[in-house]
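The structure under discussion appears below in the form of structure tokens.
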Amino acid sequence: MSNERKILELKDKKEKAHLGGGQKSIEKQHQKGKLTARERIDLLLDKGSFEELDMFRTTTHSDFGLADKQIFGDGIITGYGSIDGRLVFVYSFDFTVFGGSLSQVVAEKVVKIQEMAAKNGAPIIGINDSGGARIQEGVDSLAGYTSIFLNNVLYSGVIPQISAVVGPAAGGAVYSPALTDFIFMARNTSFMFLTGPKIVKAVTHEDITADELGGADVHSTKSGITHFTFDDEQSLFQGIRQLMKYLPNNNMEEPAIVPNDDPADRVEEDLNYIVPEHPNKPYDMKGIILNVLDEGKFLEIQEQYAPNIIIGFGDLSGRAVGVVANQPKVLAGVLDSNASTKAARFIRFCDAFNIPIITFEDVPGFMPGTVQEFNGIIRHGAKMLYAYAEATVPKLTVITRKAYGGAFCVMNSKHLRGDMVYAWPTAEIAVMGPEGASEIIYAKEIKSSENPDDKLQEKISEYREKFANPYVAANKGMIDEVIEPKITRYKLIKALEMLRNKRDENPPKKHGNIPL
């Protein structure tokens with residue numbers, strides 16, 4: 001065969017590989033409102049940057065007619081490319097080939113890309129659109145899943161791992177995304193569940209649709225499994241590109257510093273008046289966050305799940321930071337089980353990848369009641385405590401108003417190795433709120449009074465005047481500085497500059513035992 005014919009043969013094979021399951025299957029994919037595996041990669045990566053690997057691999061099994069269904073790629077596309085010029089590795093399940101089912105070959109392709117990403121210290125992005133394990137291959141497909149799960153765990157905290165779920169992810173297919181750092185889902189086309197609607201009906205007799213059981217909105221509001229939810233795939237992949245701006249390539253690097261024109265000494269007069277004078281009146285903590293961060297940009301994570309706490313990324317003087325903040329306008333910013341777990345995992349991610357943590361605190365305590373106690377709020381709250389205590393990155397706290405009881409301890413207090421703890425003049429730092437404290441401390445005096453209600457109010461005012469302020473804590477060194485709210489941005493930036501070469505270590509150990 002001449003060289004020219006060999007080249008033509010190569011081109012012909014590549015054309016077949018690019019068609020995946022064929023034109024009809026591609027059209028069906030589009031009719032469902034879904035993009036193809038290759039279209040998704042094109043949207044995600046810089047134009048023309050994708051380099052494909054293992055294009056010509058096919059199934060090695062011959063049972064159940066598989067010998068007659070040799071399709072190049074075998075249901076997944078793998079390779080590497082760039083996002084804003086940065087190296088990333090990617091794999092994209094091809095639903096047009098065997099429903100994107102996972103075979104031994106598919107698993108080997110994913111494992112190869114995972115290992116390449118780890119060796120090169122680069123993020124990996126998995127695009128999931130799969131019917132699950134390829135039944136025809138039996139236990140080989142299950143072994144393949146397990147190999148992928150192992151790498152997810154081994155490389156956790158080593159390289160950023162991101163999952164896009166843009167189709168079904170059922171059974172074993174859900175656990176690789178669940179082990180990664182961030183999950184993106186699209187409404188109407190994305191589904192995640194261990195057992196589908198038919199099995200649910202057979203076992204529990206519940207009638208439920210795929211969307212009601214494991215759709216994007218379910219996982220963004222009820223389960224908290226997904227971190228970002230979008231209306232379509234185009235905006236989803238732009239969302240991944242946006243997230244990447246805040247992440248380093250690996251755990252040995254820091255996020256890139258991207259200078260901007262927002263002055264470090266920018267003063268925000270509005271912050272002096274954002275906290276209401278009445279201590280029980282709510283306000284929006286996001287107003288503070290947006291005023292402090294560069295250019296008012298904040299990428300919120302899990303916005304619809306446990307909204308009484310806020311987590312997300314932003315920049316301070318061009319340096320990426322992770323933000324954890326109580327939200328007074330939702331449940332008064334109280335900490336409950338879901339909020340604690342949500343914050344704890346985010347704190348640990350930031351610490352793993354050298355991203356400083358900024359905490360904005362206004363918390364009346366932990367949520368009381370049998371529901372929370374029976375749900376294990378002690379254990380869940382301890383996760384957040386563990387995460388802050390373990391973290392060695394620069395940790396800054398700003399107490400805007402309430403910092404009561406155990407919740408004060410948990411929210412990156414000085415004794416959890418908080419590097420700098422600032423308080424606004426409106427801060428109230430105490431074991432509990434003035435009302436509860438007065439009822440306990442002055443119980444006898446109030447009871448013996450001619451007018452107990454008036455006496456209680458008198459004692460509340462007295463307690464608030466004496467303790468519900470930042471100066472007692474500042475006097476004891478638990479607050480580093482009481483600052484005027486309008487200069488909060490400047491103070492945080494100066495502190496980050498001071499902490500640039502911070503070194504903090506934990507005792508040598510294999511790993512801790514976080515209260516899961």
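Following the order of the structure tokens, chains are lettered A, B, ..., residues in each are numbered from 1, and ligands are numbered from 1.
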
Under the rule of at most 10 Å, produce a per-residue listing of range 244-336 of chain A near range 366-378 of chain A: chain, number, name, the closest pair of atoms, and the distance in Å, as a Markdown table, using only C-alpha atoms.
```
| residue | atom | partner | partner_atom | distance |
| --- | --- | --- | --- | --- |
| A:Leu331 | CA | A:Met367 | CA | 8.8 |
| A:Ala332 | CA | A:Met367 | CA | 10.0 |
| A:Gly333 | CA | A:Phe366 | CA | 9.3 |
| A:Val334 | CA | A:Phe366 | CA | 5.6 |
| A:Leu335 | CA | A:Phe366 | CA | 4.6 |
| A:Asp336 | CA | A:Met367 | CA | 5.2 |
```

**Prompt:** Restricting the calculation to only C-alpha atoms, which member of A:Val421, A:Arg241, A:Met432, A:Phe360 is positioned closest to Gly406 in chain A?
**Reply:**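 Answer, going by the shortest atom-to-atom distance: A:Met432.
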
Which residues are near Glu51 in chain A? Cut-off 12 Å, only C-alpha atoms, ignore same chain within fewer than 2 positions. Put them as an mmCIF file with N, CA and C atoms, in the first residue's frame.
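To be explicit, this is the file written out as selection.cif:
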```
data_model
loop_
_atom_site.group_PDB
_atom_site.id
_atom_site.type_symbol
_atom_site.label_atom_id
_atom_site.label_comp_id
_atom_site.auth_asym_id
_atom_site.auth_seq_id
_atom_site.Cartn_x
_atom_site.Cartn_y
_atom_site.Cartn_z
ATOM 1 N N ARG A 38 -18.158 15.351 21.402
ATOM 2 C CA ARG A 38 -17.145 16.228 20.794
ATOM 3 C C ARG A 38 -17.570 17.694 20.840
ATOM 4 N N ILE A 41 -16.682 19.030 24.264
ATOM 5 C CA ILE A 41 -15.253 19.310 24.420
ATOM 6 C C ILE A 41 -14.893 20.618 23.723
ATOM 7 N N ASP A 42 -15.469 20.831 22.544
ATOM 8 C CA ASP A 42 -15.197 22.070 21.802
ATOM 9 C C ASP A 42 -15.658 23.298 22.580
ATOM 10 N N LEU A 45 -13.063 23.641 25.911
ATOM 11 C CA LEU A 45 -11.643 23.955 25.756
ATOM 12 C C LEU A 45 -11.411 25.146 24.830
ATOM 13 N N ASP A 46 -10.213 25.712 24.924
ATOM 14 C CA ASP A 46 -9.806 26.762 23.988
ATOM 15 C C ASP A 46 -9.891 26.213 22.572
ATOM 16 N N LYS A 47 -10.287 27.056 21.642
ATOM 17 C CA LYS A 47 -10.490 26.630 20.260
ATOM 18 C C LYS A 47 -9.226 25.993 19.676
ATOM 19 N N GLY A 48 -9.393 24.796 19.140
ATOM 20 C CA GLY A 48 -8.307 24.114 18.464
ATOM 21 C C GLY A 48 -7.247 23.517 19.368
ATOM 22 N N SER A 49 -7.510 23.485 20.680
ATOM 23 C CA SER A 49 -6.463 23.019 21.596
ATOM 24 C C SER A 49 -6.557 21.527 21.926
ATOM 25 N N LEU A 53 -6.594 11.200 22.463
ATOM 26 C CA LEU A 53 -5.822 9.977 22.662
ATOM 27 C C LEU A 53 -6.745 8.758 22.549
ATOM 28 N N ASP A 54 -6.182 7.626 22.179
ATOM 29 C CA ASP A 54 -6.925 6.355 22.142
ATOM 30 C C ASP A 54 -8.185 6.414 21.268
ATOM 31 N N MET A 55 -8.087 7.127 20.159
ATOM 32 C CA MET A 55 -9.236 7.272 19.268
ATOM 33 C C MET A 55 -9.695 5.937 18.689
ATOM 34 N N ILE A 77 -14.493 9.763 24.671
ATOM 35 C CA ILE A 77 -13.434 10.535 24.019
ATOM 36 C C ILE A 77 -12.525 11.073 25.112
ATOM 37 N N THR A 78 -11.230 10.847 24.963
ATOM 38 C CA THR A 78 -10.282 11.279 25.991
ATOM 39 C C THR A 78 -9.122 12.041 25.366
ATOM 40 N N GLY A 79 -8.532 12.929 26.148
ATOM 41 C CA GLY A 79 -7.391 13.690 25.651
ATOM 42 C C GLY A 79 -7.065 14.872 26.540
ATOM 43 N N TYR A 80 -6.386 15.838 25.975
ATOM 44 C CA TYR A 80 -6.009 17.027 26.746
ATOM 45 C C TYR A 80 -6.099 18.258 25.856
ATOM 46 N N GLY A 81 -6.146 19.400 26.506
ATOM 47 C CA GLY A 81 -6.234 20.673 25.787
ATOM 48 C C GLY A 81 -5.964 21.790 26.767
ATOM 49 N N SER A 82 -6.566 22.941 26.542
ATOM 50 C CA SER A 82 -6.308 24.067 27.440
ATOM 51 C C SER A 82 -7.575 24.873 27.686
ATOM 52 N N LEU A 87 -3.140 23.970 30.798
ATOM 53 C CA LEU A 87 -3.313 22.555 30.479
ATOM 54 C C LEU A 87 -4.404 21.926 31.331
ATOM 55 N N VAL A 88 -5.333 21.208 30.692
ATOM 56 C CA VAL A 88 -6.329 20.401 31.390
ATOM 57 C C VAL A 88 -6.505 19.089 30.639
ATOM 58 N N PHE A 89 -6.872 18.052 31.374
ATOM 59 C CA PHE A 89 -7.198 16.769 30.776
ATOM 60 C C PHE A 89 -8.711 16.585 30.826
ATOM 61 N N VAL A 90 -9.238 15.866 29.843
ATOM 62 C CA VAL A 90 -10.689 15.762 29.740
ATOM 63 C C VAL A 90 -11.099 14.403 29.202
ATOM 64 N N TYR A 91 -12.229 13.911 29.686
ATOM 65 C CA TYR A 91 -12.864 12.752 29.059
ATOM 66 C C TYR A 91 -14.357 13.039 28.932
ATOM 67 N N ILE A 113 -6.095 8.710 31.406
ATOM 68 C CA ILE A 113 -6.148 10.172 31.443
ATOM 69 C C ILE A 113 -5.993 10.677 32.878
#
```

Show me a table, sorted first by chain and then by increasing residue number, of the residues of range 416-509 of chain A having an atom at most 12 Å from range 275-293 of chain A, each with its shortest atom pair and the distance in Å to one decimal, counting only C-alpha atoms and written as CSV.
```
residue,atom,partner,partner_atom,distance
A:Trp424,CA,A:Val275,CA,9.7
A:Pro425,CA,A:Val275,CA,10.2
A:Thr426,CA,A:Val275,CA,7.4
A:Ala427,CA,A:Val275,CA,9.7
A:Glu428,CA,A:Pro279,CA,9.1
A:Gly433,CA,A:Pro279,CA,9.8
A:Pro434,CA,A:Pro279,CA,10.2
A:Glu435,CA,A:Pro279,CA,11.2
A:Ser461,CA,A:Pro279,CA,11.9
A:Arg464,CA,A:Pro279,CA,10.2
A:Ala468,CA,A:Pro279,CA,10.0
A:Asn469,CA,A:Pro279,CA,11.6
A:Pro485,CA,A:Ile288,CA,9.3
A:Lys486,CA,A:Val292,CA,9.0
A:Ile487,CA,A:Val292,CA,8.8
A:Thr488,CA,A:Val292,CA,6.8
A:Arg489,CA,A:Val292,CA,4.8
A:Tyr490,CA,A:Val292,CA,8.5
A:Lys491,CA,A:Val292,CA,10.1
A:Leu492,CA,A:Val292,CA,8.8
A:Ile493,CA,A:Leu293,CA,9.8
```

Export of prior selection with N, CA and C atoms as a PDB file, in the first residue's frame:
```pdb
ATOM      1  N   TRP A 424     -16.208  44.388  63.532  1.00  0.00           N
ATOM      2  CA  TRP A 424     -16.804  45.708  63.338  1.00  0.00           C
ATOM      3  C   TRP A 424     -17.312  46.212  64.693  1.00  0.00           C
ATOM      4  N   PRO A 425     -17.514  47.502  64.844  1.00  0.00           N
ATOM      5  CA  PRO A 425     -18.050  48.026  66.114  1.00  0.00           C
ATOM      6  C   PRO A 425     -19.414  47.446  66.470  1.00  0.00           C
ATOM      7  N   THR A 426     -20.120  46.912  65.464  1.00  0.00           N
ATOM      8  CA  THR A 426     -21.446  46.328  65.687  1.00  0.00           C
ATOM      9  C   THR A 426     -21.379  44.891  66.188  1.00  0.00           C
ATOM     10  N   ALA A 427     -20.184  44.343  66.338  1.00  0.00           N
ATOM     11  CA  ALA A 427     -20.026  42.942  66.730  1.00  0.00           C
ATOM     12  C   ALA A 427     -20.500  42.703  68.160  1.00  0.00           C
ATOM     13  N   GLU A 428     -21.137  41.550  68.360  1.00  0.00           N
ATOM     14  CA  GLU A 428     -21.596  41.113  69.678  1.00  0.00           C
ATOM     15  C   GLU A 428     -20.995  39.735  69.938  1.00  0.00           C
ATOM     16  N   GLY A 433     -26.903  35.061  73.346  1.00  0.00           N
ATOM     17  CA  GLY A 433     -27.506  36.364  73.148  1.00  0.00           C
ATOM     18  C   GLY A 433     -27.918  37.009  74.457  1.00  0.00           C
ATOM     19  N   PRO A 434     -28.047  38.345  74.477  1.00  0.00           N
ATOM     20  CA  PRO A 434     -28.404  39.061  75.707  1.00  0.00           C
ATOM     21  C   PRO A 434     -29.697  38.568  76.354  1.00  0.00           C
ATOM     22  N   GLU A 435     -30.684  38.188  75.536  1.00  0.00           N
ATOM     23  CA  GLU A 435     -31.963  37.746  76.088  1.00  0.00           C
ATOM     24  C   GLU A 435     -31.787  36.477  76.919  1.00  0.00           C
ATOM     25  N   SER A 461     -30.739  45.105  78.452  1.00  0.00           N
ATOM     26  CA  SER A 461     -30.033  46.317  78.031  1.00  0.00           C
ATOM     27  C   SER A 461     -28.688  46.432  78.742  1.00  0.00           C
ATOM     28  N   ARG A 464     -26.336  43.786  77.244  1.00  0.00           N
ATOM     29  CA  ARG A 464     -25.915  44.165  75.897  1.00  0.00           C
ATOM     30  C   ARG A 464     -24.866  45.267  75.952  1.00  0.00           C
ATOM     31  N   ALA A 468     -22.262  42.791  74.790  1.00  0.00           N
ATOM     32  CA  ALA A 468     -22.584  42.644  73.372  1.00  0.00           C
ATOM     33  C   ALA A 468     -21.844  43.692  72.546  1.00  0.00           C
ATOM     34  N   ASN A 469     -20.537  43.599  72.585  1.00  0.00           N
ATOM     35  CA  ASN A 469     -19.672  44.500  71.832  1.00  0.00           C
ATOM     36  C   ASN A 469     -18.349  43.776  71.622  1.00  0.00           C
ATOM     37  N   PRO A 485     -16.075  49.516  59.322  1.00  0.00           N
ATOM     38  CA  PRO A 485     -16.496  48.624  58.229  1.00  0.00           C
ATOM     39  C   PRO A 485     -16.044  49.053  56.845  1.00  0.00           C
ATOM     40  N   LYS A 486     -16.015  50.338  56.575  1.00  0.00           N
ATOM     41  CA  LYS A 486     -15.733  50.818  55.229  1.00  0.00           C
ATOM     42  C   LYS A 486     -14.324  50.473  54.740  1.00  0.00           C
ATOM     43  N   ILE A 487     -13.404  50.151  55.656  1.00  0.00           N
ATOM     44  CA  ILE A 487     -12.032  49.819  55.241  1.00  0.00           C
ATOM     45  C   ILE A 487     -11.755  48.312  55.316  1.00  0.00           C
ATOM     46  N   THR A 488     -12.804  47.533  55.358  1.00  0.00           N
ATOM     47  CA  THR A 488     -12.639  46.076  55.478  1.00  0.00           C
ATOM     48  C   THR A 488     -11.813  45.514  54.336  1.00  0.00           C
ATOM     49  N   ARG A 489     -12.082  45.943  53.128  1.00  0.00           N
ATOM     50  CA  ARG A 489     -11.348  45.440  51.957  1.00  0.00           C
ATOM     51  C   ARG A 489      -9.842  45.694  52.124  1.00  0.00           C
ATOM     52  N   TYR A 490      -9.497  46.912  52.486  1.00  0.00           N
ATOM     53  CA  TYR A 490      -8.089  47.281  52.639  1.00  0.00           C
ATOM     54  C   TYR A 490      -7.421  46.421  53.708  1.00  0.00           C
ATOM     55  N   LYS A 491      -8.100  46.220  54.830  1.00  0.00           N
ATOM     56  CA  LYS A 491      -7.527  45.436  55.923  1.00  0.00           C
ATOM     57  C   LYS A 491      -7.287  43.984  55.505  1.00  0.00           C
ATOM     58  N   LEU A 492      -8.226  43.404  54.770  1.00  0.00           N
ATOM     59  CA  LEU A 492      -8.074  42.013  54.335  1.00  0.00           C
ATOM     60  C   LEU A 492      -6.918  41.870  53.347  1.00  0.00           C
ATOM     61  N   ILE A 493      -6.806  42.816  52.435  1.00  0.00           N
ATOM     62  CA  ILE A 493      -5.724  42.754  51.446  1.00  0.00           C
ATOM     63  C   ILE A 493      -4.366  42.903  52.123  1.00  0.00           C
TER      64      ILE A 493
END
```

**Message:** With only C-alpha atoms as the counted atoms, please give the residues lying no more than 7 Å from range 394-405 of chain A, apart from itself and same-chain residues fewer than 6 positions off, as a list in words.
**Reply:** Pro356, Ile357, Ile358, Thr359, Phe360, Glu361, Asp362, Val363, Pro364, Gly365, Asn412, Gly418, Asp419, Met420, Val421, Tyr422, Ala423, Trp424, Thr426, Ala427, Glu428, Ile429, Ala430, Val431, Met432, Gly433 and Leu499 of chain A
